[in-house]
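Undergrad: Quick one: the structure is below, and I'll ask about it shortly.
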Amino acid sequence: MQTVAVVGGSLAGLSAARALREQGHDGRIVVVAEEDRFPYDRPPLSKEFLAGRIDVDDLALTTSVDDAELDLEWRLGDPATGLDRGGSALVLASGREVAADGVVVATGARARTLPGADLEGVHTLRTLDDALALRRDLLVSRRLVVIGGGFIGAEVASTARDMGLEVTVIESDPVPLARVLGADLAATCAELHGDNGVHLITGETVTGLAGNGRVRAVHLSGGRREPADVVVVGIGATPNVEWIAGSGIEHDHRGVWTDAAGATNVPAVVAAGDCAFSHCAYAGSAVRHEHWTNAVQQPAAAVATLLGRTPAPSSAPYFWSDQYGARLQFAGHRLPGDSVEILDGDPADRRFVAGHRRHGDLVAVFAMNQPKLFGRWRRQLSPQRIPAEL
Amino acid sequence: MIFVGSVDDIPLGEAVRVEAAQVDAGVPIAVFNVDGELFAIDDTCTHQDASLADGWVEGCAVECPLHAACFDLRTGMPSGPPAKLPVRTHEVVVDDGFVYLRVSAPVEDAPAEVAA
């Protein structure tokens, strides 16, 4: 294989490029990226970076020494707009073409938003520029409304509260994060908002954003009007897959379809990271994982597939969230109907480990402020039992 | 030197954290017991804020409890991304059943440890 094009210049794309070299690819690697920046770490964008405790240089994922040896050809700020059938030629926004023998699709996802989001003061948070713009607004605002009680929403609420803002979080489900963590653990996490003086409104949807030029209020389905100087919309992300339309690669609104090892239906094309809708042995179905660790590990498997090698078996899905001074960690995959038990500590103390069991097997572990015990229990997760098939 | 505690306070395969207030350099240090041999490194992962004393020890490496970053307890070198920089290592002195640390110079004064 002479030239591999890695489409996507964030964590998954960089991880793919590194994996290509580690796995012996000595031909060209062209990395195509929408943003005109070298890869940076996104988790701090809602936390330390938004709070102003670290700066742009601290976010860099590349190193001047190690990554120079990777000998990558960067095409920054020039996103791919098309891929031919067979996956041998990319077209970029500038009109330039990149011929490739293999393609890694790692185009990630973009933040979903709401009608009315073009008002000033309404933000989503996905990129470094998003974080800079949000921080500028938070510094001069008094009241923040966060739409969506997921991880991004909770982390932004936490950071803004630390910065002295009055914060309201609006969640359409009865309990935020219940679909991920289960109702009991999600309820404990939801209490962190109130513990820290953040107002959580659940079971209501947003019917509109009001303001004349600049946002002034958020209207809710119950008829309530929440005043706001700044609004963050944190309602999930949409995979960036539109650009492969016409390539013959199977995909839909859920992402690029792959097997557990990143293979698409086109032999020269693999996909990984936030854009990939991949079979997950732990879930027993196809899932699009939007987590940092997946964006590090899945590209290595996809690259092995591309190079005709055998990928290492995938480890259990894992993610973490830091909010309100609490460290939350989750590994495995929980399904509705799994039973939950406290393995150590007490949720009332905000320091505990809980496990989800299915037919007696430990299938998921959650910890709040217990990183050491979490590391132990995570290694007790039952090995994947469900055969991998697309 | 900084007093850490009794050797018995650090069981096999475990680690203790010496809090920043006890250390002149102002950063916490983790002391690990690997098969009876003690190793000391800076406690905070160079990638993101996590305590390595909470990490999983395997052989002579500790895995950051937040990510997959591993550090060699003997050299402080990361095994690979996401950590880019080494953690400092510190000399451990055992005297009469008690553990002490001789803290290394801050990274700025130790060019050999500056990477990237």
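Please note that chains go A, B, ... in the order of the structure tokens, that every chain numbers its residues from 1, and that ligands are numbered from 1 in the order shown.
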So that each row is one residue of chain A with an atom at most 10 Å from chain B, can you give its shortest atom pair and the distance in Å to one decimal, using only C-alpha atoms, rows by chain and rising number, as JSON lines?
TA:
{"residue": "A:Leu11", "atom": "CA", "partner": "B:Pro82", "partner_atom": "CA", "distance": 9.7}
{"residue": "A:Ser15", "atom": "CA", "partner": "B:Pro81", "partner_atom": "CA", "distance": 8.8}
{"residue": "A:Arg18", "atom": "CA", "partner": "B:Pro81", "partner_atom": "CA", "distance": 9.4}
{"residue": "A:Asp41", "atom": "CA", "partner": "B:Pro82", "partner_atom": "CA", "distance": 9.4}
{"residue": "A:Pro43", "atom": "CA", "partner": "B:Gln48", "partner_atom": "CA", "distance": 9.7}
{"residue": "A:Pro44", "atom": "CA", "partner": "B:Gln48", "partner_atom": "CA", "distance": 8.7}
{"residue": "A:Glu48", "atom": "CA", "partner": "B:Asp49", "partner_atom": "CA", "distance": 9.6}
{"residue": "A:Asp58", "atom": "CA", "partner": "B:His47", "partner_atom": "CA", "distance": 9.1}
{"residue": "A:Leu59", "atom": "CA", "partner": "B:His47", "partner_atom": "CA", "distance": 9.4}
{"residue": "A:Ala60", "atom": "CA", "partner": "B:Lys84", "partner_atom": "CA", "distance": 9.7}
{"residue": "A:Leu61", "atom": "CA", "partner": "B:Pro82", "partner_atom": "CA", "distance": 7.3}
{"residue": "A:Thr62", "atom": "CA", "partner": "B:Lys84", "partner_atom": "CA", "distance": 8.2}
{"residue": "A:Thr63", "atom": "CA", "partner": "B:Ala116", "partner_atom": "CA", "distance": 5.7}
{"residue": "A:Ser64", "atom": "CA", "partner": "B:Ala116", "partner_atom": "CA", "distance": 5.4}
{"residue": "A:Val65", "atom": "CA", "partner": "B:Ala116", "partner_atom": "CA", "distance": 5.4}
{"residue": "A:Asp66", "atom": "CA", "partner": "B:Ala116", "partner_atom": "CA", "distance": 7.8}
{"residue": "A:Asp67", "atom": "CA", "partner": "B:Ala116", "partner_atom": "CA", "distance": 9.7}
{"residue": "A:Trp292", "atom": "CA", "partner": "B:His67", "partner_atom": "CA", "distance": 9.1}
{"residue": "A:Thr293", "atom": "CA", "partner": "B:His67", "partner_atom": "CA", "distance": 7.4}
{"residue": "A:Val296", "atom": "CA", "partner": "B:Pro82", "partner_atom": "CA", "distance": 8.6}
{"residue": "A:Gln297", "atom": "CA", "partner": "B:Ala68", "partner_atom": "CA", "distance": 9.7}
{"residue": "A:Tyr318", "atom": "CA", "partner": "B:His67", "partner_atom": "CA", "distance": 9.3}
{"residue": "A:Phe319", "atom": "CA", "partner": "B:Leu66", "partner_atom": "CA", "distance": 8.7}
{"residue": "A:Trp320", "atom": "CA", "partner": "B:Leu66", "partner_atom": "CA", "distance": 7.4}
{"residue": "A:Ser321", "atom": "CA", "partner": "B:Leu66", "partner_atom": "CA", "distance": 9.7}
{"residue": "A:Arg327", "atom": "CA", "partner": "B:Leu66", "partner_atom": "CA", "distance": 9.4}
{"residue": "A:Leu328", "atom": "CA", "partner": "B:Leu66", "partner_atom": "CA", "distance": 10.0}
{"residue": "A:Gln329", "atom": "CA", "partner": "B:Leu66", "partner_atom": "CA", "distance": 8.2}
{"residue": "A:Gln370", "atom": "CA", "partner": "B:Asp54", "partner_atom": "CA", "distance": 8.6}
{"residue": "A:Pro371", "atom": "CA", "partner": "B:Pro65", "partner_atom": "CA", "distance": 5.9}
{"residue": "A:Lys372", "atom": "CA", "partner": "B:Asp54", "partner_atom": "CA", "distance": 4.4}
{"residue": "A:Leu373", "atom": "CA", "partner": "B:Asp54", "partner_atom": "CA", "distance": 8.2}
{"residue": "A:Phe374", "atom": "CA", "partner": "B:Pro65", "partner_atom": "CA", "distance": 8.2}
{"residue": "A:Gly375", "atom": "CA", "partner": "B:Pro65", "partner_atom": "CA", "distance": 6.4}
{"residue": "A:Arg376", "atom": "CA", "partner": "B:Trp56", "partner_atom": "CA", "distance": 7.6}
{"residue": "A:Arg379", "atom": "CA", "partner": "B:Trp56", "partner_atom": "CA", "distance": 10.0}
Undergrad: Quick one: write out the picked residues with C-alpha atoms as a PDB file, in the first residue's frame?
TA:
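The resulting part.pdb:
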ATOM      1  CA  LEU A  11      -7.869  12.312  17.987  1.00  0.00           C
ATOM      2  CA  SER A  15      -4.401   7.787  16.350  1.00  0.00           C
ATOM      3  CA  ARG A  18       0.285   6.745  14.566  1.00  0.00           C
ATOM      4  CA  ASP A  41      -7.595  17.322  22.992  1.00  0.00           C
ATOM      5  CA  PRO A  43     -12.219  16.836  26.832  1.00  0.00           C
ATOM      6  CA  PRO A  44     -10.717  19.928  28.525  1.00  0.00           C
ATOM      7  CA  GLU A  48     -10.051  23.317  32.428  1.00  0.00           C
ATOM      8  CA  ASP A  58      -1.756  22.628  26.647  1.00  0.00           C
ATOM      9  CA  LEU A  59      -4.372  21.063  24.378  1.00  0.00           C
ATOM     10  CA  ALA A  60      -1.908  19.961  21.687  1.00  0.00           C
ATOM     11  CA  LEU A  61      -2.043  16.226  20.977  1.00  0.00           C
ATOM     12  CA  THR A  62       1.003  16.167  18.756  1.00  0.00           C
ATOM     13  CA  THR A  63       4.551  16.484  19.958  1.00  0.00           C
ATOM     14  CA  SER A  64       7.236  18.238  17.957  1.00  0.00           C
ATOM     15  CA  VAL A  65       9.671  15.366  18.392  1.00  0.00           C
ATOM     16  CA  ASP A  66       7.731  12.098  18.245  1.00  0.00           C
ATOM     17  CA  ASP A  67       5.155  13.113  15.696  1.00  0.00           C
ATOM     18  CA  TRP A 292     -12.240   9.702  23.831  1.00  0.00           C
ATOM     19  CA  THR A 293     -10.886   6.217  24.511  1.00  0.00           C
ATOM     20  CA  VAL A 296      -7.714   6.190  20.505  1.00  0.00           C
ATOM     21  CA  GLN A 297      -8.328   2.445  20.313  1.00  0.00           C
ATOM     22  CA  TYR A 318     -14.992   3.344  28.680  1.00  0.00           C
ATOM     23  CA  PHE A 319     -15.598   7.001  29.383  1.00  0.00           C
ATOM     24  CA  TRP A 320     -15.215   9.467  32.192  1.00  0.00           C
ATOM     25  CA  SER A 321     -16.603  12.852  33.145  1.00  0.00           C
ATOM     26  CA  ARG A 327     -14.878  12.174  38.844  1.00  0.00           C
ATOM     27  CA  LEU A 328     -17.355   9.834  37.142  1.00  0.00           C
ATOM     28  CA  GLN A 329     -16.106   6.737  35.307  1.00  0.00           C
ATOM     29  CA  GLN A 370     -13.207   6.098  43.313  1.00  0.00           C
ATOM     30  CA  PRO A 371     -10.634   5.902  40.495  1.00  0.00           C
ATOM     31  CA  LYS A 372      -8.484   3.295  42.185  1.00  0.00           C
ATOM     32  CA  LEU A 373     -11.282   0.841  42.926  1.00  0.00           C
ATOM     33  CA  PHE A 374     -12.774   1.530  39.514  1.00  0.00           C
ATOM     34  CA  GLY A 375      -9.525   0.356  37.939  1.00  0.00           C
ATOM     35  CA  ARG A 376      -9.828  -2.928  39.784  1.00  0.00           C
ATOM     36  CA  ARG A 379     -10.742  -5.539  35.114  1.00  0.00           C
TER      37      ARG A 379
END
Undergrad: Of the candidates B:Ile2, B:Cys70, B:Val99, B:Leu12, which one gets nearest to Val34 of chain B if we count only C-alpha atoms?
TA: B:Leu12
Undergrad: Can you tell me, as a list in words, what residues are no more than 10 Å from Pro86 of chain B when counting only C-alpha atoms, ignoring any on the same chain fewer than 2 positions away?
TA: Ile41, Asp42, Cys45, Thr46, His47, Phe71, Asp72, Thr75, Gly76, Met77, Pro78, Ser79, Ala83, Lys84, Arg88, Thr89, Val107, Glu113, Val114 and Ala115 of chain B
Undergrad: With C-alpha atoms retained, write the just-selected residues as a PDB file, in the first residue's frame.
TA:
ATOM      1  CA  ILE B  41       7.423   9.495  40.673  1.00  0.00           C
ATOM      2  CA  ASP B  42       5.435  12.681  40.376  1.00  0.00           C
ATOM      3  CA  CYS B  45      -0.248  12.367  35.044  1.00  0.00           C
ATOM      4  CA  THR B  46       1.409  14.652  32.496  1.00  0.00           C
ATOM      5  CA  HIS B  47      -1.564  14.271  30.169  1.00  0.00           C
ATOM      6  CA  PHE B  71       4.568   5.375  32.903  1.00  0.00           C
ATOM      7  CA  ASP B  72       7.706   3.381  33.632  1.00  0.00           C
ATOM      8  CA  THR B  75      12.430   6.140  34.384  1.00  0.00           C
ATOM      9  CA  GLY B  76       9.190   8.129  34.423  1.00  0.00           C
ATOM     10  CA  MET B  77       8.916   7.725  30.665  1.00  0.00           C
ATOM     11  CA  PRO B  78       5.446   7.401  29.155  1.00  0.00           C
ATOM     12  CA  SER B  79       4.784   4.290  27.080  1.00  0.00           C
ATOM     13  CA  ALA B  83       0.958  11.273  27.679  1.00  0.00           C
ATOM     14  CA  LYS B  84       3.675  13.215  25.909  1.00  0.00           C
ATOM     15  CA  ARG B  88       9.958  13.038  37.274  1.00  0.00           C
ATOM     16  CA  THR B  89      11.413  10.170  39.253  1.00  0.00           C
ATOM     17  CA  VAL B 107      11.769  19.913  35.222  1.00  0.00           C
ATOM     18  CA  GLU B 113      14.068  15.413  31.089  1.00  0.00           C
ATOM     19  CA  VAL B 114      12.687  18.052  28.769  1.00  0.00           C
ATOM     20  CA  ALA B 115      10.992  16.493  25.795  1.00  0.00           C
TER      21      ALA B 115
END
Undergrad: Can you tell me which residues surround segment 158-170 of chain A at a distance of at most 8 Å, considering only C-alpha atoms, apart from same-chain residues fewer than 5 positions away, and format the answer as a JSON list (two decimals) with C-alpha atoms, in the first residue's frame?
TA:
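Everything below was put into selection-v9.json:
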[["chain", "number", "residue", "atom", "x", "y", "z"],
["A", 46, "SER", "CA", -15.74, 21.98, 28.71],
["A", 47, "LYS", "CA", -13.58, 21.96, 31.80],
["A", 50, "LEU", "CA", -13.25, 26.75, 29.45],
["A", 51, "ALA", "CA", -12.35, 27.76, 33.00],
["A", 138, "LEU", "CA", -19.40, 33.43, 30.08],
["A", 139, "LEU", "CA", -16.97, 36.08, 31.32],
["A", 141, "SER", "CA", -22.73, 36.95, 31.55],
["A", 142, "ARG", "CA", -24.75, 36.44, 34.68],
["A", 143, "ARG", "CA", -27.28, 33.76, 33.74],
["A", 144, "LEU", "CA", -26.53, 30.60, 31.78],
["A", 145, "VAL", "CA", -29.15, 28.16, 30.55],
["A", 146, "VAL", "CA", -27.81, 24.78, 29.44],
["A", 147, "ILE", "CA", -30.11, 22.80, 27.17],
["A", 148, "GLY", "CA", -29.41, 19.11, 27.66],
["A", 149, "GLY", "CA", -28.30, 17.39, 30.86],
["A", 153, "GLY", "CA", -24.12, 20.00, 29.51],
["A", 193, "HIS", "CA", -26.42, 19.79, 40.10],
["A", 196, "ASN", "CA", -23.69, 22.75, 43.71],
["A", 197, "GLY", "CA", -26.41, 25.34, 43.39],
["A", 198, "VAL", "CA", -27.40, 24.60, 39.80],
["A", 199, "HIS", "CA", -31.11, 24.52, 39.01],
["A", 200, "LEU", "CA", -32.10, 21.33, 37.14],
["A", 201, "ILE", "CA", -35.41, 21.27, 35.27],
["A", 202, "THR", "CA", -36.38, 17.82, 33.96],
["A", 204, "GLU", "CA", -39.54, 19.63, 29.81],
["A", 205, "THR", "CA", -38.54, 20.37, 26.25],
["A", 206, "VAL", "CA", -37.43, 23.67, 24.80],
["A", 323, "GLN", "CA", -18.12, 17.66, 36.96],
["A", 324, "TYR", "CA", -18.62, 19.62, 40.18]]
Undergrad: For Val92 of chain B, work out the shell of residues within 7 Å, counting only C-alpha atoms and skipping chain neighbours fewer than 2 positions away, then give it as a ChimeraX atom specification.
TA: /B:38-40,90,94,99-102
Undergrad: Let me make sure I understand: among B:Ala69, B:Ala61, B:Val23, B:Ala30, which one has the smallest atom-to-atom distance to Phe3 of chain B if we use only C-alpha atoms?
TA: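 Closest residue, counting only C-alpha atoms: B:Val23.
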Undergrad: Using DSSP assignments from the backbone, pull out every residue in segment 30-228 of chain A that falls under alpha helix (DSSP H) and give it to me as a VMD selection string.
TA: chain A and resid 48 to 51 56 to 59 128 to 139 151 to 162 178 to 181 183 to 195
Undergrad: State, in Å with one decimal place, the distance from atom CA of Glu155 of chain A to atom CA of Val56 of chain A.
TA: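 Going from atom CA of Glu155 of chain A over to atom CA of Val56 of chain A, I get 18.9 Å.
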Undergrad: Residues near Pro299 of chain A, anyone? I mean within 9 Å using only C-alpha atoms, not counting same-chain ones fewer than 5 positions away, as a ChimeraX atom specification.
TA: /A:12-17,19,104,106,261-262,270-273,294,304
Undergrad: Could you give me, as a list in words, the residues within 9 Å of Ile342 of chain A, counting only C-alpha atoms and dropping anything in the same chain fewer than 3 positions from it?
TA: Gly345, Asp346, Pro347, Phe352, Val353, Ala354 and Gly355 of chain A
Undergrad: Please identify the strand (DSSP E) residues within segment 9-75 of chain B (assignment by DSSP from backbone atoms) and present them as a list in words.
TA: Ala15, Val16, Arg17, Val18, Ile29, Ala30, Val31, Phe32, Asn33, Val34, Glu37, Leu38, Phe39, Ala40, Ile41, Asp42, Trp56, Val57, Glu58, Ala61, Val62, Glu63, Cys70, Phe71 and Asp72 of chain B
Undergrad: Write to file, as a JSON list (two decimals), in the first residue's frame, the residues of the selection just made, with N, CA and C atoms.
TA:
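Wrote selection.json, looks like this:
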[["chain", "number", "residue", "atom", "x", "y", "z"],
["B", 15, "ALA", "N", 0.37, 1.85, 46.40],
["B", 15, "ALA", "CA", 1.08, 3.12, 46.32],
["B", 15, "ALA", "C", 0.52, 4.07, 47.36],
["B", 16, "VAL", "N", 1.34, 4.97, 47.82],
["B", 16, "VAL", "CA", 0.85, 6.05, 48.69],
["B", 16, "VAL", "C", 1.18, 7.38, 48.01],
["B", 17, "ARG", "N", 0.36, 8.36, 48.32],
["B", 17, "ARG", "CA", 0.57, 9.69, 47.77],
["B", 17, "ARG", "C", 1.12, 10.59, 48.87],
["B", 18, "VAL", "N", 2.22, 11.28, 48.55],
["B", 18, "VAL", "CA", 2.76, 12.29, 49.45],
["B", 18, "VAL", "C", 2.21, 13.62, 48.96],
["B", 29, "ILE", "N", 3.69, 13.55, 45.18],
["B", 29, "ILE", "CA", 4.57, 12.48, 44.69],
["B", 29, "ILE", "C", 3.94, 11.14, 45.10],
["B", 30, "ALA", "N", 4.01, 10.15, 44.21],
["B", 30, "ALA", "CA", 3.48, 8.82, 44.51],
["B", 30, "ALA", "C", 4.64, 7.86, 44.72],
["B", 31, "VAL", "N", 4.52, 7.03, 45.78],
["B", 31, "VAL", "CA", 5.55, 6.03, 46.07],
["B", 31, "VAL", "C", 4.92, 4.64, 45.93],
["B", 32, "PHE", "N", 5.51, 3.82, 45.05],
["B", 32, "PHE", "CA", 4.96, 2.50, 44.72],
["B", 32, "PHE", "C", 5.84, 1.40, 45.30],
["B", 33, "ASN", "N", 5.19, 0.30, 45.67],
["B", 33, "ASN", "CA", 5.89, -0.89, 46.11],
["B", 33, "ASN", "C", 5.69, -1.98, 45.05],
["B", 34, "VAL", "N", 6.76, -2.26, 44.30],
["B", 34, "VAL", "CA", 6.71, -3.32, 43.29],
["B", 34, "VAL", "C", 7.58, -4.46, 43.77],
["B", 37, "GLU", "N", 10.30, -3.54, 46.06],
["B", 37, "GLU", "CA", 11.17, -2.42, 45.69],
["B", 37, "GLU", "C", 10.32, -1.15, 45.58],
["B", 38, "LEU", "N", 10.81, -0.06, 46.14],
["B", 38, "LEU", "CA", 10.03, 1.17, 46.16],
["B", 38, "LEU", "C", 10.47, 2.12, 45.05],
["B", 39, "PHE", "N", 9.49, 2.71, 44.39],
["B", 39, "PHE", "CA", 9.74, 3.69, 43.33],
["B", 39, "PHE", "C", 8.92, 4.94, 43.61],
["B", 40, "ALA", "N", 9.50, 6.10, 43.32],
["B", 40, "ALA", "CA", 8.76, 7.35, 43.52],
["B", 40, "ALA", "C", 8.75, 8.15, 42.22],
["B", 41, "ILE", "N", 7.57, 8.63, 41.85],
["B", 41, "ILE", "CA", 7.42, 9.49, 40.67],
["B", 41, "ILE", "C", 6.44, 10.61, 41.02],
["B", 42, "ASP", "N", 6.46, 11.65, 40.22],
["B", 42, "ASP", "CA", 5.44, 12.68, 40.38],
["B", 42, "ASP", "C", 4.07, 12.02, 40.27],
["B", 56, "TRP", "N", -3.30, 1.60, 38.06],
["B", 56, "TRP", "CA", -3.13, 0.15, 38.07],
["B", 56, "TRP", "C", -1.65, -0.15, 37.82],
["B", 57, "VAL", "N", -1.04, -0.93, 38.74],
["B", 57, "VAL", "CA", 0.39, -1.25, 38.59],
["B", 57, "VAL", "C", 0.54, -2.62, 37.96],
["B", 58, "GLU", "N", 1.32, -2.68, 36.92],
["B", 58, "GLU", "CA", 1.59, -3.95, 36.25],
["B", 58, "GLU", "C", 3.08, -3.98, 35.94],
["B", 61, "ALA", "N", 5.34, -0.69, 35.63],
["B", 61, "ALA", "CA", 4.63, 0.42, 35.00],
["B", 61, "ALA", "C", 3.34, 0.69, 35.76],
["B", 62, "VAL", "N", 2.93, 1.95, 35.73],
["B", 62, "VAL", "CA", 1.63, 2.31, 36.30],
["B", 62, "VAL", "C", 0.78, 2.89, 35.18],
["B", 63, "GLU", "N", -0.48, 2.46, 35.16],
["B", 63, "GLU", "CA", -1.42, 2.98, 34.17],
["B", 63, "GLU", "C", -2.24, 4.07, 34.82],
["B", 70, "CYS", "N", 0.62, 4.87, 30.25],
["B", 70, "CYS", "CA", 1.42, 4.12, 31.21],
["B", 70, "CYS", "C", 2.76, 4.82, 31.40],
["B", 71, "PHE", "N", 3.26, 4.80, 32.62],
["B", 71, "PHE", "CA", 4.57, 5.37, 32.90],
["B", 71, "PHE", "C", 5.46, 4.30, 33.51],
["B", 72, "ASP", "N", 6.72, 4.29, 33.06],
["B", 72, "ASP", "CA", 7.71, 3.38, 33.63],
["B", 72, "ASP", "C", 8.12, 3.94, 34.99]]
